[in-house]
>>> print(open('run.pdb').read())   # PDB, C-alpha atoms
ATOM      1  CA  ILE G  91       0.000   0.000   0.000
ATOM      2  CA  VAL G  92       1.414   3.394  -0.960
ATOM      3  CA  GLY G  93       0.710   6.018   1.657
ATOM      4  CA  ARG G  94      -0.163   9.623   0.952
ATOM      5  CA  VAL G  95       0.065  12.839   2.896
ATOM      6  CA  GLY G  96      -2.912  12.968   5.250
ATOM      7  CA  ASP G  97      -3.445   9.193   5.481
ATOM      8  CA  ARG G  98      -4.371   8.071   8.979
ATOM      9  CA  VAL G  99      -1.844   5.873  10.821
ATOM     10  CA  TYR G 100      -3.129   3.239  13.245
ATOM     11  CA  PRO G 101      -1.406   1.341  16.085
ATOM     12  CA  GLY G 102       0.453  -1.650  14.673
ATOM     13  CA  ASP G 103       0.992  -0.120  11.227
ATOM     14  CA  VAL G 104       4.452  -0.552   9.742
ATOM     15  CA  ILE G 105       5.761   2.472   7.875
ATOM     16  CA  GLY G 106       8.583   2.157   5.384
ATOM     17  CA  LYS G 107      10.440   4.535   3.097
ATOM     18  CA  GLN G 108      11.675   3.400  -0.286
ATOM     19  CA  VAL G 109      14.926   4.961  -1.458
ATOM     20  CA  ARG G 110      16.273   4.462  -4.954
ATOM     21  CA  MET G 111      20.034   3.946  -5.122
ATOM     22  CA  GLY G 112      20.861   4.963  -8.651
ATOM     23  CA  SER G 113      24.132   5.521 -10.482
ATOM     24  CA  GLY G 114      26.058   3.156  -8.224
ATOM     25  CA  SER G 115      26.048   5.333  -5.133
ATOM     26  CA  TYR G 116      24.141   5.589  -1.883
ATOM     27  CA  PRO G 117      21.435   8.256  -1.418
ATOM     28  CA  VAL G 118      22.892  11.744  -1.380
ATOM     29  CA  MET G 119      23.933  12.767   2.122
ATOM     30  CA  ASN G 120      23.252  16.266   3.432
ATOM     31  CA  TYR G 121      26.928  16.758   4.234
ATOM     32  CA  LYS G 122      30.251  16.726   2.409
ATOM     33  CA  LYS G 123      32.628  13.766   2.268
ATOM     34  CA  PRO G 124      34.771  13.724   5.435
ATOM     35  CA  PRO G 125      38.342  14.947   4.747
ATOM     36  CA  PHE G 126      40.226  11.710   5.427
ATOM     37  CA  ASP G 127      41.067   8.620   3.396
ATOM     38  CA  LEU G 128      39.253   5.346   4.092
ATOM     39  CA  PRO G 129      40.826   2.654   1.876
ATOM     40  CA  ILE G 130      38.793  -0.410   0.948
ATOM     41  CA  VAL G 131      40.704  -3.644   1.513
ATOM     42  CA  TYR G 132      37.961  -6.061   0.398
ATOM     43  CA  GLU G 133      34.430  -5.583  -0.939
ATOM     44  CA  ASP G 134      31.581  -7.584  -2.448
ATOM     45  CA  ASP G 135      27.778  -7.208  -2.553
ATOM     46  CA  HIS G 136      27.364  -8.288   1.078
ATOM     47  CA  PHE G 137      30.126  -6.742   3.139
ATOM     48  CA  ALA G 138      33.378  -4.821   3.000
ATOM     49  CA  ILE G 139      36.590  -4.466   4.977
ATOM     50  CA  VAL G 140      38.021  -0.962   5.320
ATOM     51  CA  ASN G 141      41.280   0.367   6.751
ATOM     52  CA  LYS G 142      40.432   2.844   9.530
ATOM     53  CA  PRO G 143      42.980   5.622  10.094
ATOM     54  CA  ALA G 144      44.129   6.491  13.599
ATOM     55  CA  GLY G 145      42.527   9.565  15.165
ATOM     56  CA  VAL G 146      39.036   8.998  13.756
ATOM     57  CA  VAL G 147      36.103   7.596  15.753
ATOM     58  CA  VAL G 148      33.946   4.846  14.267
ATOM     59  CA  TYR G 149      30.731   6.638  15.212
ATOM     60  CA  SER G 150      29.873   9.636  17.329
ATOM     61  CA  HIS G 151      27.721   9.702  20.436
ATOM     62  CA  ARG G 152      25.162  12.453  20.921
ATOM     63  CA  ASN G 153      26.774  15.849  21.562
ATOM     64  CA  ALA G 154      30.268  14.311  21.287
ATOM     65  CA  GLY G 155      31.305  17.038  18.861
ATOM     66  CA  HIS G 156      32.846  14.836  16.144
ATOM     67  CA  GLY G 157      30.572  16.124  13.378
ATOM     68  CA  ILE G 158      31.276  14.361  10.073
ATOM     69  CA  MET G 159      34.697  13.170  11.268
ATOM     70  CA  THR G 160      33.513   9.598  11.790
ATOM     71  CA  ILE G 161      33.834   6.326   9.893
ATOM     72  CA  ARG G 162      30.034   6.095   9.787
ATOM     73  CA  SER G 163      29.855   9.414   7.933
ATOM     74  CA  ALA G 164      32.536   8.406   5.417
ATOM     75  CA  LEU G 165      31.192   4.963   4.513
ATOM     76  CA  PRO G 166      28.446   6.037   2.038
ATOM     77  CA  PHE G 167      31.086   7.911   0.028
ATOM     78  CA  VAL G 168      33.535   5.013  -0.349
ATOM     79  CA  ILE G 169      31.377   1.857  -0.311
ATOM     80  CA  THR G 170      29.677   0.693  -3.522
ATOM     81  CA  PRO G 171      25.993  -0.280  -3.098
ATOM     82  CA  PRO G 172      25.153  -3.969  -3.692
ATOM     83  CA  SER G 173      24.163  -5.105  -7.171
ATOM     84  CA  LYS G 174      20.528  -4.998  -8.199
ATOM     85  CA  GLY G 175      18.662  -8.004  -6.793
ATOM     86  CA  THR G 176      20.783  -8.380  -3.645
ATOM     87  CA  TYR G 177      18.514  -9.337  -0.747
ATOM     88  CA  ALA G 178      17.776  -7.018   2.212
ATOM     89  CA  VAL G 179      20.161  -4.195   1.395
ATOM     90  CA  LEU G 180      20.866  -1.734   4.203
ATOM     91  CA  ARG G 181      19.993   1.880   3.420
ATOM     92  CA  ARG G 182      23.556   2.797   4.331
ATOM     93  CA  PRO G 183      26.554   0.585   5.156
ATOM     94  CA  GLN G 184      27.044  -0.177   8.856
ATOM     95  CA  THR G 185      30.145  -1.111  10.845
ATOM     96  CA  VAL G 186      29.833  -4.447  12.638
ATOM     97  CA  HIS G 187      32.273  -3.604  15.445
ATOM     98  CA  ARG G 188      34.477  -0.709  16.523
ATOM     99  CA  LEU G 189      38.092   0.275  17.072
ATOM    100  CA  ASP G 190      39.195   2.920  19.550
ATOM    101  CA  LYS G 191      39.789   6.398  18.128
ATOM    102  CA  PRO G 192      43.629   6.213  18.347
ATOM    103  CA  THR G 193      43.753   2.657  16.923
ATOM    104  CA  SER G 194      44.155   2.078  13.182
ATOM    105  CA  GLY G 195      43.299  -0.998  11.159
ATOM    106  CA  LEU G 196      40.682  -3.285   9.703
ATOM    107  CA  LEU G 197      36.946  -2.765  10.225
ATOM    108  CA  LEU G 198      34.143  -5.042   9.015
ATOM    109  CA  VAL G 199      31.252  -3.267   7.299
ATOM    110  CA  ALA G 200      27.870  -4.840   6.521
ATOM    111  CA  LYS G 201      25.995  -3.936   3.341
ATOM    112  CA  THR G 202      22.964  -6.181   3.927
ATOM    113  CA  LYS G 203      20.869  -7.097   6.956
ATOM    114  CA  PRO G 204      21.725 -10.836   6.768
ATOM    115  CA  ALA G 205      25.446 -10.014   6.609
ATOM    116  CA  MET G 206      25.146  -7.773   9.660
ATOM    117  CA  THR G 207      23.318 -10.520  11.573
ATOM    118  CA  ASP G 208      25.804 -13.224  10.578
ATOM    119  CA  MET G 209      28.959 -11.256  11.368
ATOM    120  CA  THR G 210      27.524 -10.119  14.692
ATOM    121  CA  ARG G 211      26.875 -13.779  15.511
ATOM    122  CA  GLN G 212      30.459 -14.662  14.580
ATOM    123  CA  PHE G 213      31.765 -12.045  17.009
ATOM    124  CA  VAL G 214      29.555 -13.429  19.784
ATOM    125  CA  GLU G 215      30.735 -16.974  19.043
ATOM    126  CA  ARG G 216      34.391 -15.806  18.777
ATOM    127  CA  LYS G 217      34.712 -16.945  15.174
ATOM    128  CA  VAL G 218      36.159 -13.644  13.998
ATOM    129  CA  LYS G 219      39.921 -13.884  14.529
ATOM    130  CA  LYS G 220      41.869 -10.625  14.741
ATOM    131  CA  THR G 221      45.587  -9.895  14.818
ATOM    132  CA  TYR G 222      47.126  -6.706  16.176
ATOM    133  CA  HIS G 223      50.619  -5.269  16.282
ATOM    134  CA  ALA G 224      51.741  -2.836  18.965
ATOM    135  CA  ILE G 225      54.903  -1.183  20.225
ATOM    136  CA  VAL G 226      55.300  -1.465  23.982
ATOM    137  CA  ASN G 227      57.555   0.407  26.384
ATOM    138  CA  GLY G 228      60.184  -2.024  27.657
ATOM    139  CA  ILE G 229      60.861  -5.737  27.155
ATOM    140  CA  PRO G 230      57.954  -7.907  28.384
ATOM    141  CA  ASP G 231      58.856 -10.950  30.461
ATOM    142  CA  GLU G 232      58.201 -14.339  28.830
ATOM    143  CA  PRO G 233      57.761 -16.804  31.712
ATOM    144  CA  GLN G 234      58.099 -20.477  30.841
ATOM    145  CA  GLN G 235      54.866 -21.315  32.662
ATOM    146  CA  THR G 236      52.818 -19.119  30.292
ATOM    147  CA  SER G 237      54.661 -20.125  27.095
ATOM    148  CA  ILE G 238      52.820 -22.157  24.446
ATOM    149  CA  SER G 239      53.589 -23.444  20.967
ATOM    150  CA  SER G 240      51.942 -22.322  17.749
ATOM    151  CA  VAL G 241      49.841 -25.472  17.749
ATOM    152  CA  ASP G 242      48.695 -24.797  21.309
ATOM    153  CA  ALA G 243      47.729 -21.271  20.289
ATOM    154  CA  LYS G 244      45.838 -22.581  17.261
ATOM    155  CA  ASN G 245      43.921 -25.001  19.471
ATOM    156  CA  MET G 246      42.945 -22.097  21.715
ATOM    157  CA  GLY G 247      41.062 -20.593  18.786
ATOM    158  CA  VAL G 248      43.345 -17.800  17.593
ATOM    159  CA  ASP G 249      44.602 -17.337  14.040
ATOM    160  CA  VAL G 250      48.096 -18.862  14.070
ATOM    161  CA  ASP G 251      50.042 -20.454  11.221
ATOM    162  CA  CYS G 252      51.234 -23.884  12.370
ATOM    163  CA  SER G 253      53.154 -24.732   9.198
ATOM    164  CA  ILE G 254      56.507 -24.207  10.904
ATOM    165  CA  GLN G 255      55.728 -27.111  13.196
ATOM    166  CA  GLY G 256      54.218 -29.568  10.789
ATOM    167  CA  ASP G 257      51.053 -31.555  11.234
ATOM    168  CA  MET G 258      48.983 -30.567  14.265
ATOM    169  CA  GLU G 259      48.373 -34.218  15.075
ATOM    170  CA  ASN G 260      52.110 -34.713  15.538
ATOM    171  CA  ASN G 261      52.517 -31.820  17.944
ATOM    172  CA  ASP G 262      55.368 -32.398  20.380
ATOM    173  CA  LYS G 263      54.470 -30.716  23.662
ATOM    174  CA  ASN G 264      58.164 -30.492  24.506
ATOM    175  CA  ASP G 265      59.126 -28.770  21.272
ATOM    176  CA  LYS G 266      61.365 -25.735  21.284
ATOM    177  CA  GLU G 267      58.805 -23.553  19.525
ATOM    178  CA  LYS G 268      57.296 -22.170  22.737
ATOM    179  CA  GLN G 269      57.186 -18.790  21.073
ATOM    180  CA  TRP G 270      53.775 -17.541  22.217
ATOM    181  CA  GLN G 271      52.773 -16.142  25.593
ATOM    182  CA  VAL G 272      49.275 -16.403  27.090
ATOM    183  CA  ILE G 273      47.690 -13.707  29.240
ATOM    184  CA  ASP G 274      44.612 -14.958  31.085
ATOM    185  CA  PHE G 275      43.620 -11.984  33.205
ATOM    186  CA  THR G 276      39.988 -11.212  34.078
ATOM    187  CA  LEU G 277      38.611  -7.786  33.181
ATOM    188  CA  GLU G 278      35.337  -6.546  34.713
ATOM    189  CA  GLU G 279      34.878 -10.045  36.170
ATOM    190  CA  LYS G 280      34.792 -11.515  32.655
ATOM    191  CA  GLU G 281      37.227 -13.886  30.964
ATOM    192  CA  ALA G 282      39.894 -12.015  28.996
ATOM    193  CA  VAL G 283      42.585 -13.952  27.108
ATOM    194  CA  SER G 284      45.309 -12.604  24.837
ATOM    195  CA  VAL G 285      48.074 -14.499  23.022
ATOM    196  CA  TRP G 286      51.206 -12.561  22.096
ATOM    197  CA  LYS G 287      54.826 -12.826  21.013
ATOM    198  CA  ALA G 288      57.736 -10.415  20.598
ATOM    199  CA  MET G 289      58.660  -9.570  16.997
ATOM    200  CA  LYS G 290      61.467  -7.010  17.315
ATOM    201  CA  TYR G 291      63.472  -5.236  20.004
ATOM    202  CA  SER G 292      64.735  -1.689  19.420
ATOM    203  CA  LYS G 293      66.977   0.476  21.565
ATOM    204  CA  SER G 294      65.547   3.770  22.804
ATOM    205  CA  LEU G 295      66.902   6.464  25.122
ATOM    206  CA  LYS G 296      63.367   7.238  26.295
ATOM    207  CA  ALA G 297      62.086   3.692  26.864
ATOM    208  CA  LYS G 298      61.890   1.620  30.025
ATOM    209  CA  ASP G 299      65.205  -0.248  30.483
ATOM    210  CA  GLY G 300      66.354   1.285  27.200
ATOM    211  CA  TYR G 301      64.258  -0.826  24.845
ATOM    212  CA  LEU G 302      61.006  -0.799  22.870
ATOM    213  CA  THR G 303      59.362  -4.050  21.723
ATOM    214  CA  LEU G 304      57.203  -4.646  18.669
ATOM    215  CA  VAL G 305      54.670  -7.339  19.643
ATOM    216  CA  GLN G 306      52.062  -9.311  17.754
ATOM    217  CA  VAL G 307      48.862  -9.851  19.757
ATOM    218  CA  LYS G 308      45.940 -12.160  19.030
ATOM    219  CA  PRO G 309      43.012 -11.606  21.436
ATOM    220  CA  LYS G 310      40.791 -14.615  22.019
ATOM    221  CA  THR G 311      38.209 -12.430  23.750
ATOM    222  CA  GLY G 312      37.268  -8.835  23.010
ATOM    223  CA  ARG G 313      37.000  -6.938  26.278
ATOM    224  CA  TYR G 314      37.173  -3.154  26.540
ATOM    225  CA  HIS G 315      40.788  -1.980  26.000
ATOM    226  CA  GLN G 316      41.870  -5.602  26.469
ATOM    227  CA  ILE G 317      45.249  -5.438  24.720
ATOM    228  CA  ARG G 318      46.123  -2.074  26.216
ATOM    229  CA  ARG G 319      45.289  -3.191  29.766
ATOM    230  CA  HIS G 320      46.836  -6.649  29.472
ATOM    231  CA  MET G 321      50.174  -5.268  28.279
ATOM    232  CA  ALA G 322      50.186  -2.469  30.868
ATOM    233  CA  TRP G 323      48.876  -4.362  33.895
ATOM    234  CA  VAL G 324      50.092  -7.931  33.347
ATOM    235  CA  CYS G 325      53.289  -7.449  31.327
ATOM    236  CA  GLU G 326      54.051  -4.054  32.911
ATOM    237  CA  CYS G 327      54.964  -2.768  29.450
ATOM    238  CA  PRO G 328      52.271  -0.298  28.364
ATOM    239  CA  LEU G 329      51.698   0.565  24.737
ATOM    240  CA  VAL G 330      53.652   3.527  23.445
ATOM    241  CA  GLY G 331      51.401   6.564  23.195
ATOM    242  CA  ASP G 332      48.699   5.187  25.486
ATOM    243  CA  LEU G 333      47.379   8.237  27.346
ATOM    244  CA  GLU G 334      45.239   6.124  29.679
ATOM    245  CA  TYR G 335      47.547   3.283  30.711
ATOM    246  CA  ASP G 336      51.177   4.345  30.144
ATOM    247  CA  GLY G 337      51.495   5.600  33.717
ATOM    248  CA  GLY G 338      52.701   9.079  32.819
ATOM    249  CA  GLY G 339      56.187  10.128  33.956
ATOM    250  CA  ASP G 340      58.953   9.263  31.514
ATOM    251  CA  ALA G 341      56.435   7.483  29.255
ATOM    252  CA  MET G 342      54.955  10.864  28.343
ATOM    253  CA  SER G 343      58.014  11.560  26.184
ATOM    254  CA  LEU G 344      56.915   8.702  23.873
ATOM    255  CA  ARG G 345      53.413  10.055  23.201
ATOM    256  CA  GLU G 346      54.153  12.421  20.332
ATOM    257  CA  ARG G 347      53.336   9.976  17.499
ATOM    258  CA  GLY G 348      50.103   8.681  18.992
ATOM    259  CA  LEU G 349      49.045   5.194  20.086
ATOM    260  CA  MET G 350      51.123   2.439  18.520
ATOM    261  CA  LEU G 351      48.359  -0.118  17.974
ATOM    262  CA  CYS G 352      47.067  -1.467  14.655
ATOM    263  CA  SER G 353      44.558  -4.207  13.824
ATOM    264  CA  ASN G 354      46.277  -5.473  10.689
ATOM    265  CA  LYS G 355      44.680  -8.866  10.027
ATOM    266  CA  VAL G 356      41.195 -10.370  10.305
ATOM    267  CA  ALA G 357      39.788 -13.790   9.402
ATOM    268  CA  LEU G 358      36.132 -14.862   9.391
ATOM    269  CA  GLU G 359      33.562 -17.015   7.644
ATOM    270  CA  HIS G 360      32.031 -15.290   4.633
ATOM    271  CA  PRO G 361      28.607 -14.012   5.768
ATOM    272  CA  TYR G 362      26.843 -14.930   2.509
ATOM    273  CA  TYR G 363      28.773 -17.645   0.673
ATOM    274  CA  ASN G 364      28.219 -20.095   3.548
ATOM    275  CA  THR G 365      24.422 -19.886   3.305
ATOM    276  CA  GLU G 366      22.616 -22.485   1.193
ATOM    277  CA  ILE G 367      21.920 -20.067  -1.651
ATOM    278  CA  GLY G 368      25.238 -18.280  -1.328
ATOM    279  CA  ARG G 369      27.291 -21.477  -1.450
ATOM    280  CA  LYS G 370      25.592 -22.553  -4.672
ATOM    281  CA  GLU G 371      26.375 -19.144  -6.131
ATOM    282  CA  TRP G 372      30.015 -19.361  -5.050
ATOM    283  CA  ASP G 373      30.451 -22.911  -6.389
ATOM    284  CA  ALA G 374      29.021 -21.785  -9.737
ATOM    285  CA  LEU G 375      31.629 -19.041 -10.142
ATOM    286  CA  ASP G 376      34.444 -19.740 -12.576
ATOM    287  CA  ASP G 377      37.683 -20.609 -10.766
ATOM    288  CA  ASP G 378      39.462 -17.979 -12.859
ATOM    289  CA  SER G 379      37.018 -15.292 -11.782
ATOM    290  CA  PRO G 380      38.587 -12.719  -9.414
ATOM    291  CA  GLU G 381      35.262 -12.633  -7.582
ATOM    292  CA  LYS G 382      35.532 -16.285  -6.502
ATOM    293  CA  TYR G 383      38.736 -15.937  -4.516
ATOM    294  CA  GLY G 384      38.660 -12.202  -3.866
ATOM    295  CA  ASN G 385      42.198 -11.644  -5.113
ATOM    296  CA  GLY G 386      43.512 -14.219  -2.676
ATOM    297  CA  MET G 387      41.404 -13.175   0.315
ATOM    298  CA  LEU G 388      38.734 -15.881  -0.106
ATOM    299  CA  TYR G 389      39.501 -19.580   0.311
ATOM    300  CA  LEU G 390      37.989 -22.882   1.399
ATOM    301  CA  SER G 391      38.878 -23.740   4.977
ATOM    302  CA  LYS G 392      41.306 -26.621   5.492
ATOM    303  CA  GLU G 393      39.407 -27.663   8.604
ATOM    304  CA  ASN G 394      36.067 -29.483   8.766
ATOM    305  CA  ASN G 395      36.648 -31.052   5.332
ATOM    306  CA  GLY G 396      36.868 -27.657   3.666
ATOM    307  CA  ASP G 397      33.195 -26.854   4.067
ATOM    308  CA  LYS G 398      33.476 -23.130   4.799
ATOM    309  CA  VAL G 399      34.278 -20.204   2.531
ATOM    310  CA  MET G 400      36.647 -18.077   4.576
ATOM    311  CA  VAL G 401      37.842 -14.491   4.257
ATOM    312  CA  SER G 402      41.304 -13.456   5.413
ATOM    313  CA  ALA G 403      42.490  -9.883   4.900
ATOM    314  CA  SER G 404      45.687  -8.218   6.048
ATOM    315  CA  ILE G 405      47.434  -4.877   5.633
ATOM    316  CA  PRO G 406      51.007  -3.669   6.193
ATOM    317  CA  LEU G 407      51.670  -1.826   9.428
ATOM    318  CA  PRO G 408      51.467   1.978   9.159
ATOM    319  CA  ASP G 409      54.778   3.627   8.262
ATOM    320  CA  LYS G 410      54.861   5.357  11.625
ATOM    321  CA  PHE G 411      55.639   2.047  13.376
ATOM    322  CA  TYR G 412      58.917   1.321  11.605
ATOM    323  CA  ASN G 413      59.837   5.003  11.241
ATOM    324  CA  PHE G 414      59.456   5.463  14.992
ATOM    325  CA  LEU G 415      61.564   2.403  15.840
ATOM    326  CA  ALA G 416      64.254   3.450  13.359
ATOM    327  CA  HIS G 417      64.299   6.981  14.761
ATOM    328  CA  GLU G 418      64.661   5.761  18.347
ATOM    329  CA  GLU G 419      67.430   3.313  17.405
ATOM    330  CA  LYS G 420      69.345   6.004  15.532
ATOM    331  CA  ARG G 421      69.167   8.391  18.493
ATOM    332  CA  ALA G 422      70.281   5.622  20.849
ATOM    333  CA  GLU G 423      73.322   4.884  18.687
ATOM    334  CA  LEU G 424      74.276   8.565  18.473
ATOM    335  CA  PHE G 425      74.040   9.447  22.138
ATOM    336  CA  GLN G 426      74.966   6.241  23.968
TER
END
>>> encode(input="run.pdb", output="structure tokens")
Amino acid sequence: IVGRVGDRVYPGDVIGKQVRMGSGSYPVMNYKKPPFDLPIVYEDDHFAIVNKPAGVVVYSHRNAGHGIMTIRSALPFVITPPSKGTYAVLRRPQTVHRLDKPTSGLLLVAKTKPAMTDMTRQFVERKVKKTYHAIVNGIPDEPQQTSISSVDAKNMGVDVDCSIQGDMENNDKNDKEKQWQVIDFTLEEKEAVSVWKAMKYSKSLKAKDGYLTLVQVKPKTGRYHQIRRHMAWVCECPLVGDLEYDGGGDAMSLRERGLMLCSNKVALEHPYYNTEIGRKEWDALDDDSPEKYGNGMLYLSKENNGDKVMVSASIPLPDKFYNFLAHEEKRAELFQ
């Protein structure tokens, strides 16, 4: 039924507004495109993965004063609407989760209602596996009692490559590859587990004990500021540039380049191609079609007899990470 001005509305009526999305763009917004870049890492008719810059909030709360400087405001200008015939398209693309304002990295964006529902479910069931890199102030301890192998980490449910250790079934619990550390430290009376390992040590005149450490962190759970609090409170090596948890004092001299935290890899089940209809559509795609494997980001899982279409996207760390480490090392060499 098409309503008209003056029609009476009764309790229980459902009112909808139809918006035509022509010329391959979302409905015109009543504001200009926000003045920051939001690169698209992966995109299809159902969802997208974008690279959020540091210093931008995902969405603004009422009276927060962010204006159009939000990811939510930028999405309609960079995301392509789904193809004609796609089911249950959202009027505007929606982020499925958030990253803190000072954190950069990968964000999942839903373009349809079913995709939003499915990816939200995957977060609840801890099926979305994220990888972060951070620079911490000092050298974190690596106690033997909290050390685990790559296979152990994989069995915990985080995204770890076990190829360096061979077949998982032949895992030797006494192997020398105890390269990962586990932090199991409750936050707000809820389970909070992070798996991490050191990637690089760099000298610094400003750092605790004279060193900065580049770490790779894979959170099993997703508590508020989990990585930042785990590294600061458990490892006693707060993230560089962390205004809330670095403890102030000498650490304040490391704040000038912002928070050194980036979500640079994410893996999840495809929200559409694992449905009954979607899987038939994916199987029917030509193997040479770039759409089928998403330029290397889509693949059939090796687990469970390969019955899931997976998505795995990654990005290089921002230049500021390596530039900062190189700068600190150069100063240390000059003045030591």
>>> closest_residue(input="run.pdb", among="G:Ile169, G:Asn120, G:Gly338, G:Pro361", to="Lys203 in chain G", atoms="all atoms listed in the file")
G:Pro361
>>> closest_residue(input="run.pdb", among="G:Val214, G:Leu351, G:Leu198, G:Ala243", to="Gly312 in chain G", atoms="all atoms listed in the file")
G:Val214
>>> closest_residue(input="run.pdb", among="G:Gly93, G:Gly396, G:Gly337, G:Pro204", to="Trp323 in chain G", atoms="all atoms listed in the file")
G:Gly337
>>> atom_distance(input="run.pdb", atom1="CA of Pro124 in chain G", atom2="CA of Ala164 in chain G")
5.8 Å
>>> residues_around(input="run.pdb", residues="His187 in chain G", least_positions_apart="5", cutoff="10 Å", atoms="all atoms listed in the file", output="PDB file with C-alpha atoms, in the frame of the given file")
ATOM      1  CA  VAL G 148      33.946   4.846  14.267  1.00  0.00           C
ATOM      2  CA  LEU G 197      36.946  -2.765  10.225  1.00  0.00           C
ATOM      3  CA  LEU G 198      34.143  -5.042   9.015  1.00  0.00           C
ATOM      4  CA  VAL G 199      31.252  -3.267   7.299  1.00  0.00           C
ATOM      5  CA  MET G 209      28.959 -11.256  11.368  1.00  0.00           C
ATOM      6  CA  THR G 210      27.524 -10.119  14.692  1.00  0.00           C
ATOM      7  CA  PHE G 213      31.765 -12.045  17.009  1.00  0.00           C
TER       8      PHE G 213
END
